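The structure under discussion appears below in the form of C-alpha cells.
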Amino acid sequence: KLSQRLEAVANYIPRGFRLADIGSDHAYLPCYAVKKGMVPFAVAGEVVEGPYQSAQRQVKLEGLEEKIIVRKGNGLEVITQGEIDCVTIAGMGGALIASILEEGKNKLDSVKRLILQPNISAITTRQWLADNGWELISEEILEEDNKIYEILVAEKGDPFKPYKNLQKELLLGPLLMKQSSVSFQKKWRNELKNWQRILTQLENAAESEETILKKKELKEKIQMVEEVIDK
Ligand code: SAM
C-alpha cells in the first residue's frame, strides 16, 4: 500500500499524462499511477544504483515493464524532450529539487505540470518556481507518522499571481497560508519554538557580526510566523 504522502502526490497527476518520477527509489509512485490507470506511460528515474535496482525489481514484480521504463541518471537527464507531460519529485530537500529542475530546465518544454514534495526548505523550491515562470496552482500539507509534508503543484503561468507578500509567502506557502490547516499550524508552531530557542542561545552568546546577522534573520522569520499562528 502506498504511503498517504505519495498517494497525496499521485492525486495531482492529471489523467492520461505521461509521467516522470525523478528520485523514484522503489518506483512505488509510478507503479501506483499506472496500475490505477491514471497514466499510460511512466519513466522512473534514479541516480543511485541501489534504488535504481529496487525500482527495476518492483516494476518487474508488478508486471509493468511495458508501461514503466526505469532509467538510471541524474535528475531530468533520464527524460527526452517532448516525452513527458508531468514530473513528480518527492521525498528530497527543497534545494535539491530546485537544483534538479534548474539543471534540467531544457527538458521542461512539454511538461505541463510539476508536483513537488520537498521534505525541508520548501521555500527554495517555491523561489525556483517563481523565478522560472511556474505558477503554484495547489499546495497541500499533511501529517504522516509524526512528520509534516508539503506538496507543491505548479503549471506554467503567472508565477507571482498567488503572492501578495512575497517574502513571507515564499516561506509559508501562499495557498497553505490561506488554508491555515491544523498541520500548517502545527508545523509553524514547532518551527517557531525552535527559532525562539536558538534566538535565546544567541542572545546569551558573545556578540559578533555573525550573531547579530543571525539574530536579525531569526527575528524577521519569527515575526512572519507569529502573524499566521493562532493565538
Ligand atoms: N520519491 C520517493 C519517495 O518520495 O518516497 C523516494 C524518496 S528517496 C528519500 C530520494 C531518492 O532520490 C533516493 O532514492 C535518491 O537516490 C534519489 N535522488 C537523489 N538525488 C537525485 C538526482 N539528482 N537524480 C535522481 N535521483 C536522485
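In the C-alpha cells, each chain is lettered A, B, ... as it comes, each chain's residues begin at 1, and ligands are numbered from 1 in order of appearance.
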Report as a Markdown table the residues of chain A within 10 Å of ligand 1, each with its shortest atom pair and distance in Å (one decimal), using only C-alpha atoms and all ligand atoms, ordered by chain and increasing residue number.
| residue | atom | partner | partner_atom_place_in_ligand_line | distance |
| --- | --- | --- | --- | --- |
| A:Leu2 | CA | ligand 1 | 5 (O) | 9.3 |
| A:Ser3 | CA | ligand 1 | 5 (O) | 8.2 |
| A:Arg5 | CA | ligand 1 | 4 (O) | 7.9 |
| A:Leu6 | CA | ligand 1 | 4 (O) | 6.4 |
| A:Val9 | CA | ligand 1 | 4 (O) | 9.0 |
| A:Asp21 | CA | ligand 1 | 1 (N) | 7.2 |
| A:Ile22 | CA | ligand 1 | 25 (C) | 5.3 |
| A:Gly23 | CA | ligand 1 | 12 (O) | 3.4 |
| A:Ser24 | CA | ligand 1 | 1 (N) | 4.3 |
| A:Asp25 | CA | ligand 1 | 14 (O) | 4.1 |
| A:His26 | CA | ligand 1 | 6 (C) | 7.1 |
| A:Ala27 | CA | ligand 1 | 2 (C) | 7.3 |
| A:Tyr28 | CA | ligand 1 | 5 (O) | 7.6 |
| A:Leu29 | CA | ligand 1 | 1 (N) | 7.5 |
| A:Pro30 | CA | ligand 1 | 1 (N) | 9.8 |
| A:Ala44 | CA | ligand 1 | 25 (C) | 9.1 |
| A:Gly45 | CA | ligand 1 | 25 (C) | 5.7 |
| A:Glu46 | CA | ligand 1 | 26 (N) | 4.1 |
| A:Val47 | CA | ligand 1 | 25 (C) | 4.2 |
| A:Val48 | CA | ligand 1 | 16 (O) | 4.6 |
| A:Glu49 | CA | ligand 1 | 16 (O) | 7.8 |
| A:Gly50 | CA | ligand 1 | 16 (O) | 7.9 |
| A:Pro51 | CA | ligand 1 | 14 (O) | 5.2 |
| A:Tyr52 | CA | ligand 1 | 14 (O) | 7.6 |
| A:Ser54 | CA | ligand 1 | 14 (O) | 9.3 |
| A:Ala55 | CA | ligand 1 | 14 (O) | 9.3 |
| A:Arg71 | CA | ligand 1 | 25 (C) | 9.5 |
| A:Lys72 | CA | ligand 1 | 25 (C) | 7.8 |
| A:Gly73 | CA | ligand 1 | 25 (C) | 6.2 |
| A:Asn74 | CA | ligand 1 | 24 (N) | 3.9 |
| A:Gly75 | CA | ligand 1 | 24 (N) | 3.5 |
| A:Leu76 | CA | ligand 1 | 24 (N) | 7.1 |
| A:Glu77 | CA | ligand 1 | 24 (N) | 8.3 |
| A:Val78 | CA | ligand 1 | 25 (C) | 8.5 |
| A:Thr88 | CA | ligand 1 | 1 (N) | 8.0 |
| A:Ile89 | CA | ligand 1 | 1 (N) | 6.1 |
| A:Ala90 | CA | ligand 1 | 4 (O) | 4.0 |
| A:Gly91 | CA | ligand 1 | 4 (O) | 3.7 |
| A:Met92 | CA | ligand 1 | 10 (C) | 5.4 |
| A:Gly93 | CA | ligand 1 | 10 (C) | 8.9 |
| A:Leu96 | CA | ligand 1 | 20 (N) | 7.0 |
| A:Ile97 | CA | ligand 1 | 23 (N) | 8.1 |
| A:Ser99 | CA | ligand 1 | 23 (N) | 8.1 |
| A:Ile100 | CA | ligand 1 | 23 (N) | 5.9 |
| A:Leu101 | CA | ligand 1 | 23 (N) | 9.5 |
| A:Glu103 | CA | ligand 1 | 23 (N) | 9.4 |
| A:Leu116 | CA | ligand 1 | 4 (O) | 9.5 |
| A:Gln117 | CA | ligand 1 | 4 (O) | 7.5 |
| A:Pro118 | CA | ligand 1 | 4 (O) | 9.0 |
| A:Asn119 | CA | ligand 1 | 9 (C) | 8.9 |
Residue neighbourhood A:Ile141, 12 Å, only C-alpha atoms, exclusion window fewer than 3 positions, as a VMD selection string: chain A and resid 4 to 5 8 to 9 116 to 119 122 138 144 147 to 153 172 to 173 175 to 188
May I have the selected residues written with N, CA and C atoms, as an mmCIF file, in the first residue's frame?
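Result saved to part16.cif:
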data_model
loop_
_atom_site.group_PDB
_atom_site.id
_atom_site.type_symbol
_atom_site.label_atom_id
_atom_site.label_comp_id
_atom_site.auth_asym_id
_atom_site.auth_seq_id
_atom_site.Cartn_x
_atom_site.Cartn_y
_atom_site.Cartn_z
ATOM 1 N N GLN A 4 0.459 7.552 2.611
ATOM 2 C CA GLN A 4 -0.508 8.650 2.469
ATOM 3 C C GLN A 4 0.133 9.821 1.722
ATOM 4 N N ARG A 5 1.415 10.040 2.031
ATOM 5 C CA ARG A 5 2.169 11.125 1.394
ATOM 6 C C ARG A 5 2.242 10.942 -0.124
ATOM 7 N N ALA A 8 -1.097 11.271 -1.811
ATOM 8 C CA ALA A 8 -1.482 12.680 -1.970
ATOM 9 C C ALA A 8 -0.782 13.292 -3.183
ATOM 10 N N VAL A 9 0.478 12.925 -3.400
ATOM 11 C CA VAL A 9 1.202 13.396 -4.592
ATOM 12 C C VAL A 9 0.498 12.882 -5.851
ATOM 13 N N LEU A 116 5.695 18.579 -6.648
ATOM 14 C CA LEU A 116 6.939 18.538 -5.889
ATOM 15 C C LEU A 116 6.641 18.367 -4.408
ATOM 16 N N GLN A 117 7.399 17.506 -3.761
ATOM 17 C CA GLN A 117 7.160 17.287 -2.330
ATOM 18 C C GLN A 117 8.486 17.408 -1.592
ATOM 19 N N PRO A 118 8.872 18.649 -1.292
ATOM 20 C CA PRO A 118 10.112 18.856 -0.540
ATOM 21 C C PRO A 118 9.928 18.471 0.933
ATOM 22 N N ASN A 119 10.895 17.731 1.477
ATOM 23 C CA ASN A 119 10.824 17.364 2.892
ATOM 24 C C ASN A 119 11.172 18.534 3.795
ATOM 25 N N ALA A 122 10.962 24.073 1.630
ATOM 26 C CA ALA A 122 10.048 24.299 0.502
ATOM 27 C C ALA A 122 10.238 25.694 -0.079
ATOM 28 N N SER A 138 -1.770 24.580 -6.656
ATOM 29 C CA SER A 138 -2.274 23.939 -5.435
ATOM 30 C C SER A 138 -1.116 23.732 -4.477
ATOM 31 N N GLU A 144 2.010 12.534 8.490
ATOM 32 C CA GLU A 144 2.014 11.074 8.498
ATOM 33 C C GLU A 144 3.190 10.622 9.360
ATOM 34 N N LYS A 147 5.439 13.169 10.942
ATOM 35 C CA LYS A 147 6.198 14.115 10.115
ATOM 36 C C LYS A 147 5.200 14.913 9.296
ATOM 37 N N ILE A 148 5.570 16.159 9.034
ATOM 38 C CA ILE A 148 4.673 17.013 8.264
ATOM 39 C C ILE A 148 5.279 17.256 6.881
ATOM 40 N N TYR A 149 4.476 17.017 5.850
ATOM 41 C CA TYR A 149 4.949 17.111 4.469
ATOM 42 C C TYR A 149 4.176 18.174 3.699
ATOM 43 N N GLU A 150 4.899 18.852 2.805
ATOM 44 C CA GLU A 150 4.244 19.836 1.930
ATOM 45 C C GLU A 150 4.296 19.353 0.486
ATOM 46 N N ILE A 151 3.237 19.585 -0.241
ATOM 47 C CA ILE A 151 3.182 19.246 -1.661
ATOM 48 C C ILE A 151 2.895 20.523 -2.444
ATOM 49 N N LEU A 152 3.722 20.789 -3.453
ATOM 50 C CA LEU A 152 3.545 21.981 -4.277
ATOM 51 C C LEU A 152 3.216 21.544 -5.702
ATOM 52 N N VAL A 153 2.156 22.097 -6.264
ATOM 53 C CA VAL A 153 1.747 21.749 -7.626
ATOM 54 C C VAL A 153 1.826 23.014 -8.471
ATOM 55 N N LEU A 172 6.083 30.426 3.771
ATOM 56 C CA LEU A 172 4.946 29.688 4.347
ATOM 57 C C LEU A 172 4.088 28.979 3.311
ATOM 58 N N GLY A 173 4.175 29.449 2.076
ATOM 59 C CA GLY A 173 3.299 28.916 1.030
ATOM 60 C C GLY A 173 2.042 29.759 0.945
ATOM 61 N N LEU A 175 -0.733 29.444 -0.685
ATOM 62 C CA LEU A 175 -2.023 28.748 -0.648
ATOM 63 C C LEU A 175 -2.206 28.029 0.690
ATOM 64 N N LEU A 176 -1.102 27.513 1.233
ATOM 65 C CA LEU A 176 -1.160 26.873 2.559
ATOM 66 C C LEU A 176 -1.535 27.895 3.617
ATOM 67 N N MET A 177 -1.019 29.105 3.442
ATOM 68 C CA MET A 177 -1.302 30.162 4.412
ATOM 69 C C MET A 177 -2.789 30.480 4.441
ATOM 70 N N LYS A 178 -3.400 30.507 3.257
ATOM 71 C CA LYS A 178 -4.841 30.759 3.178
ATOM 72 C C LYS A 178 -5.639 29.655 3.857
ATOM 73 N N GLN A 179 -5.225 28.392 3.596
ATOM 74 C CA GLN A 179 -5.962 27.256 4.184
ATOM 75 C C GLN A 179 -5.768 27.219 5.701
ATOM 76 N N SER A 180 -4.565 27.550 6.137
ATOM 77 C CA SER A 180 -4.210 27.538 7.565
ATOM 78 C C SER A 180 -4.747 26.305 8.304
ATOM 79 N N SER A 181 -4.402 25.129 7.793
ATOM 80 C CA SER A 181 -4.917 23.871 8.345
ATOM 81 C C SER A 181 -4.260 23.534 9.685
ATOM 82 N N VAL A 182 -4.767 22.496 10.327
ATOM 83 C CA VAL A 182 -4.218 22.042 11.609
ATOM 84 C C VAL A 182 -2.723 21.687 11.462
ATOM 85 N N SER A 183 -2.365 20.980 10.368
ATOM 86 C CA SER A 183 -0.962 20.588 10.155
ATOM 87 C C SER A 183 -0.077 21.808 9.916
ATOM 88 N N PHE A 184 -0.615 22.771 9.187
ATOM 89 C CA PHE A 184 0.115 24.024 8.943
ATOM 90 C C PHE A 184 0.416 24.731 10.267
ATOM 91 N N GLN A 185 -0.609 24.839 11.091
ATOM 92 C CA GLN A 185 -0.434 25.482 12.399
ATOM 93 C C GLN A 185 0.608 24.740 13.231
ATOM 94 N N LYS A 186 0.530 23.419 13.187
ATOM 95 C CA LYS A 186 1.447 22.601 13.982
ATOM 96 C C LYS A 186 2.888 22.763 13.500
ATOM 97 N N LYS A 187 3.057 22.702 12.179
ATOM 98 C CA LYS A 187 4.405 22.844 11.614
ATOM 99 C C LYS A 187 5.055 24.153 12.057
ATOM 100 N N TRP A 188 4.315 25.239 11.891
ATOM 101 C CA TRP A 188 4.933 26.541 12.155
ATOM 102 C C TRP A 188 5.041 26.849 13.635
#
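Remark: for A:Glu155, the closest of the candidate residues A:Asp230, A:Glu169, A:Glu140, A:Asp85 is A:Asp85 (distances computed over only C-alpha atoms).
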In stretch 109-158 of chain A, DSSP helix (DSSP H, G or I) residues written as a ChimeraX atom specification: /A:122-131
Keeping only N, CA and C atoms, write the selected residues to a file as a tab-separated table (two decimals), in the first residue's frame.
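Result file is part-v5.tsv:
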chain	number	residue	atom	x	y	z
A	122	ALA	N	10.96	24.07	1.63
A	122	ALA	CA	10.05	24.30	0.50
A	122	ALA	C	10.24	25.69	-0.08
A	123	ILE	N	10.72	26.61	0.74
A	123	ILE	CA	10.94	28.00	0.30
A	123	ILE	C	11.86	28.03	-0.94
A	124	THR	N	12.88	27.18	-0.96
A	124	THR	CA	13.83	27.17	-2.07
A	124	THR	C	13.16	26.67	-3.36
A	125	THR	N	12.26	25.71	-3.20
A	125	THR	CA	11.52	25.20	-4.36
A	125	THR	C	10.55	26.27	-4.87
A	126	ARG	N	9.83	26.91	-3.96
A	126	ARG	CA	8.91	27.98	-4.37
A	126	ARG	C	9.65	29.09	-5.08
A	127	GLN	N	10.82	29.43	-4.57
A	127	GLN	CA	11.61	30.50	-5.18
A	127	GLN	C	11.99	30.13	-6.62
A	128	TRP	N	12.41	28.87	-6.82
A	128	TRP	CA	12.77	28.44	-8.18
A	128	TRP	C	11.56	28.53	-9.11
A	129	LEU	N	10.42	28.06	-8.63
A	129	LEU	CA	9.20	28.11	-9.45
A	129	LEU	C	8.88	29.54	-9.85
A	130	ALA	N	8.93	30.44	-8.88
A	130	ALA	CA	8.61	31.84	-9.14
A	130	ALA	C	9.60	32.46	-10.13
A	131	ASP	N	10.86	32.08	-10.02
A	131	ASP	CA	11.89	32.64	-10.91
A	131	ASP	C	11.82	32.09	-12.32
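Surrounding stretch 134-137 of chain A within 8 Å are Leu152, Val153, Ala154, Glu155, Lys156, Gly157, Asp158, Pro159, Phe160, Lys161 and Pro162 of chain A, with only C-alpha atoms counted and residues fewer than 6 positions along the same chain left out.
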For the residues in the current selection, export C-alpha atoms as an mmCIF file, in the first residue's frame.
data_model
loop_
_atom_site.group_PDB
_atom_site.id
_atom_site.type_symbol
_atom_site.label_atom_id
_atom_site.label_comp_id
_atom_site.auth_asym_id
_atom_site.auth_seq_id
_atom_site.Cartn_x
_atom_site.Cartn_y
_atom_site.Cartn_z
ATOM 1 C CA LEU A 152 3.545 21.981 -4.277
ATOM 2 C CA VAL A 153 1.747 21.749 -7.626
ATOM 3 C CA ALA A 154 2.704 24.133 -10.421
ATOM 4 C CA GLU A 155 1.846 24.856 -14.028
ATOM 5 C CA LYS A 156 3.252 27.391 -16.449
ATOM 6 C CA GLY A 157 1.557 30.713 -15.921
ATOM 7 C CA ASP A 158 1.954 33.914 -13.945
ATOM 8 C CA PRO A 159 4.356 32.868 -11.171
ATOM 9 C CA PHE A 160 3.571 35.863 -8.986
ATOM 10 C CA LYS A 161 -0.213 35.562 -9.161
ATOM 11 C CA PRO A 162 -0.607 33.636 -5.885
#
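For the choices A:Met224, A:Leu19, A:Leu202, A:Ile115, the atom-to-atom distance to A:Leu171 is smallest for A:Met224 when using only C-alpha atoms.
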Non-local contacts of A:Ile84 (10 Å; only C-alpha atoms; under 2 positions in same chain excluded) as a ChimeraX atom specification: /A:17-20,41-43,79-82,86-87,107-113
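With only C-alpha atoms as the basis for measurement, A:Cys31 is the residue among A:Cys31, A:Leu218, A:Ala10, A:Ala95 that approaches A:Leu61 most closely.
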Per-residue DSSP, stretch 20-155 of chain A, filtered to strand (DSSP E), as a ChimeraX atom specification: /A:20-22,42-46,68-72,86-92,113-118,134-144,147-155
For the residues selected in the previous step, produce a file with N, CA and C atoms as a compact mmCIF listing (two decimals), in the first residue's frame.
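This is the output file result16.txt:
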# COMPACT_ATOMS: atom_id res chain seq x y z
N ALA A 20 6.93 11.37 -15.37
CA ALA A 20 8.30 11.02 -14.96
C ALA A 20 8.41 11.25 -13.47
N ASP A 21 8.83 10.23 -12.75
CA ASP A 21 9.06 10.35 -11.31
C ASP A 21 10.57 10.30 -11.08
N ILE A 22 11.09 11.43 -10.63
CA ILE A 22 12.55 11.56 -10.51
C ILE A 22 12.96 11.30 -9.05
N ALA A 42 5.10 5.75 -17.91
CA ALA A 42 5.90 6.48 -16.92
C ALA A 42 7.38 6.13 -17.02
N VAL A 43 8.19 7.12 -16.68
CA VAL A 43 9.63 6.92 -16.53
C VAL A 43 9.93 7.02 -15.04
N ALA A 44 10.68 6.07 -14.50
CA ALA A 44 11.16 6.16 -13.12
C ALA A 44 12.65 6.44 -13.19
N GLY A 45 13.09 7.58 -12.70
CA GLY A 45 14.50 7.97 -12.76
C GLY A 45 15.17 7.78 -11.41
N GLU A 46 16.37 7.25 -11.43
CA GLU A 46 17.17 7.10 -10.20
C GLU A 46 18.64 7.31 -10.52
N ILE A 68 6.24 1.13 -17.78
CA ILE A 68 7.17 1.92 -16.96
C ILE A 68 8.60 1.59 -17.36
N ILE A 69 9.35 2.62 -17.75
CA ILE A 69 10.77 2.44 -18.05
C ILE A 69 11.57 2.98 -16.87
N VAL A 70 12.44 2.16 -16.34
CA VAL A 70 13.33 2.62 -15.27
C VAL A 70 14.64 3.03 -15.90
N ARG A 71 15.06 4.28 -15.63
CA ARG A 71 16.31 4.75 -16.23
C ARG A 71 17.23 5.29 -15.14
N LYS A 72 18.52 5.02 -15.32
CA LYS A 72 19.50 5.49 -14.36
C LYS A 72 20.11 6.79 -14.86
N CYS A 86 4.10 15.35 -17.16
CA CYS A 86 4.01 15.65 -15.73
C CYS A 86 5.22 15.07 -15.02
N VAL A 87 5.88 15.88 -14.20
CA VAL A 87 7.04 15.43 -13.45
C VAL A 87 6.73 15.45 -11.97
N THR A 88 7.03 14.35 -11.28
CA THR A 88 6.93 14.33 -9.82
C THR A 88 8.34 14.19 -9.23
N ILE A 89 8.61 14.95 -8.19
CA ILE A 89 9.87 14.81 -7.44
C ILE A 89 9.50 14.88 -5.96
N ALA A 90 9.67 13.77 -5.26
CA ALA A 90 9.19 13.70 -3.87
C ALA A 90 10.24 13.16 -2.93
N GLY A 91 10.15 13.58 -1.68
CA GLY A 91 10.96 12.98 -0.63
C GLY A 91 12.40 13.44 -0.59
N MET A 92 12.69 14.63 -1.12
CA MET A 92 14.04 15.20 -1.04
C MET A 92 13.94 16.61 -0.48
N ARG A 113 2.83 20.06 -15.98
CA ARG A 113 2.62 20.13 -14.53
C ARG A 113 3.79 19.54 -13.76
N LEU A 114 4.18 20.24 -12.68
CA LEU A 114 5.18 19.75 -11.74
C LEU A 114 4.50 19.48 -10.42
N ILE A 115 4.77 18.31 -9.83
CA ILE A 115 4.24 18.01 -8.50
C ILE A 115 5.45 17.70 -7.61
N LEU A 116 5.69 18.58 -6.65
CA LEU A 116 6.94 18.54 -5.89
C LEU A 116 6.64 18.37 -4.41
N GLN A 117 7.40 17.51 -3.76
CA GLN A 117 7.16 17.29 -2.33
C GLN A 117 8.49 17.41 -1.59
N PRO A 118 8.87 18.65 -1.29
CA PRO A 118 10.11 18.86 -0.54
C PRO A 118 9.93 18.47 0.93
N TRP A 134 6.75 29.33 -13.35
CA TRP A 134 5.80 28.31 -12.92
C TRP A 134 4.89 28.88 -11.82
N GLU A 135 3.59 28.75 -12.05
CA GLU A 135 2.60 29.29 -11.09
C GLU A 135 2.10 28.18 -10.17
N LEU A 136 2.15 28.44 -8.88
CA LEU A 136 1.60 27.46 -7.92
C LEU A 136 0.09 27.42 -8.10
N ILE A 137 -0.45 26.22 -8.39
CA ILE A 137 -1.90 26.12 -8.55
C ILE A 137 -2.55 25.39 -7.38
N SER A 138 -1.77 24.58 -6.66
CA SER A 138 -2.27 23.94 -5.44
C SER A 138 -1.12 23.73 -4.48
N GLU A 139 -1.44 23.75 -3.21
CA GLU A 139 -0.50 23.33 -2.19
C GLU A 139 -1.26 22.50 -1.17
N GLU A 140 -0.57 21.50 -0.63
CA GLU A 140 -1.20 20.67 0.39
C GLU A 140 -0.18 20.40 1.48
N ILE A 141 -0.66 20.30 2.71
CA ILE A 141 0.22 19.95 3.82
C ILE A 141 -0.44 18.81 4.57
N LEU A 142 0.34 17.79 4.90
CA LEU A 142 -0.26 16.65 5.58
C LEU A 142 0.72 16.06 6.58
N GLU A 143 0.16 15.35 7.54
CA GLU A 143 0.99 14.72 8.57
C GLU A 143 0.86 13.21 8.46
N GLU A 144 2.01 12.53 8.49
CA GLU A 144 2.01 11.07 8.50
C GLU A 144 3.19 10.62 9.36
N LYS A 147 5.44 13.17 10.94
CA LYS A 147 6.20 14.12 10.12
C LYS A 147 5.20 14.91 9.30
N ILE A 148 5.57 16.16 9.03
CA ILE A 148 4.67 17.01 8.26
C ILE A 148 5.28 17.26 6.88
N TYR A 149 4.48 17.02 5.85
CA TYR A 149 4.95 17.11 4.47
C TYR A 149 4.18 18.17 3.70
N GLU A 150 4.90 18.85 2.80
CA GLU A 150 4.24 19.84 1.93
C GLU A 150 4.30 19.35 0.49
N ILE A 151 3.24 19.59 -0.24
CA ILE A 151 3.18 19.25 -1.66
C ILE A 151 2.90 20.52 -2.44
N LEU A 152 3.72 20.79 -3.45
CA LEU A 152 3.55 21.98 -4.28
C LEU A 152 3.22 21.54 -5.70
N VAL A 153 2.16 22.10 -6.26
CA VAL A 153 1.75 21.75 -7.63
C VAL A 153 1.83 23.01 -8.47
N ALA A 154 2.52 22.93 -9.61
CA ALA A 154 2.70 24.13 -10.42
C ALA A 154 2.49 23.86 -11.90
N GLU A 155 1.97 24.88 -12.57
CA GLU A 155 1.85 24.86 -14.03
C GLU A 155 2.41 26.16 -14.57
Using only C-alpha atoms: which of A:Ile229, A:Ile13, A:Leu192, A:Val34 has the shortest distance to A:Leu64: A:Val34
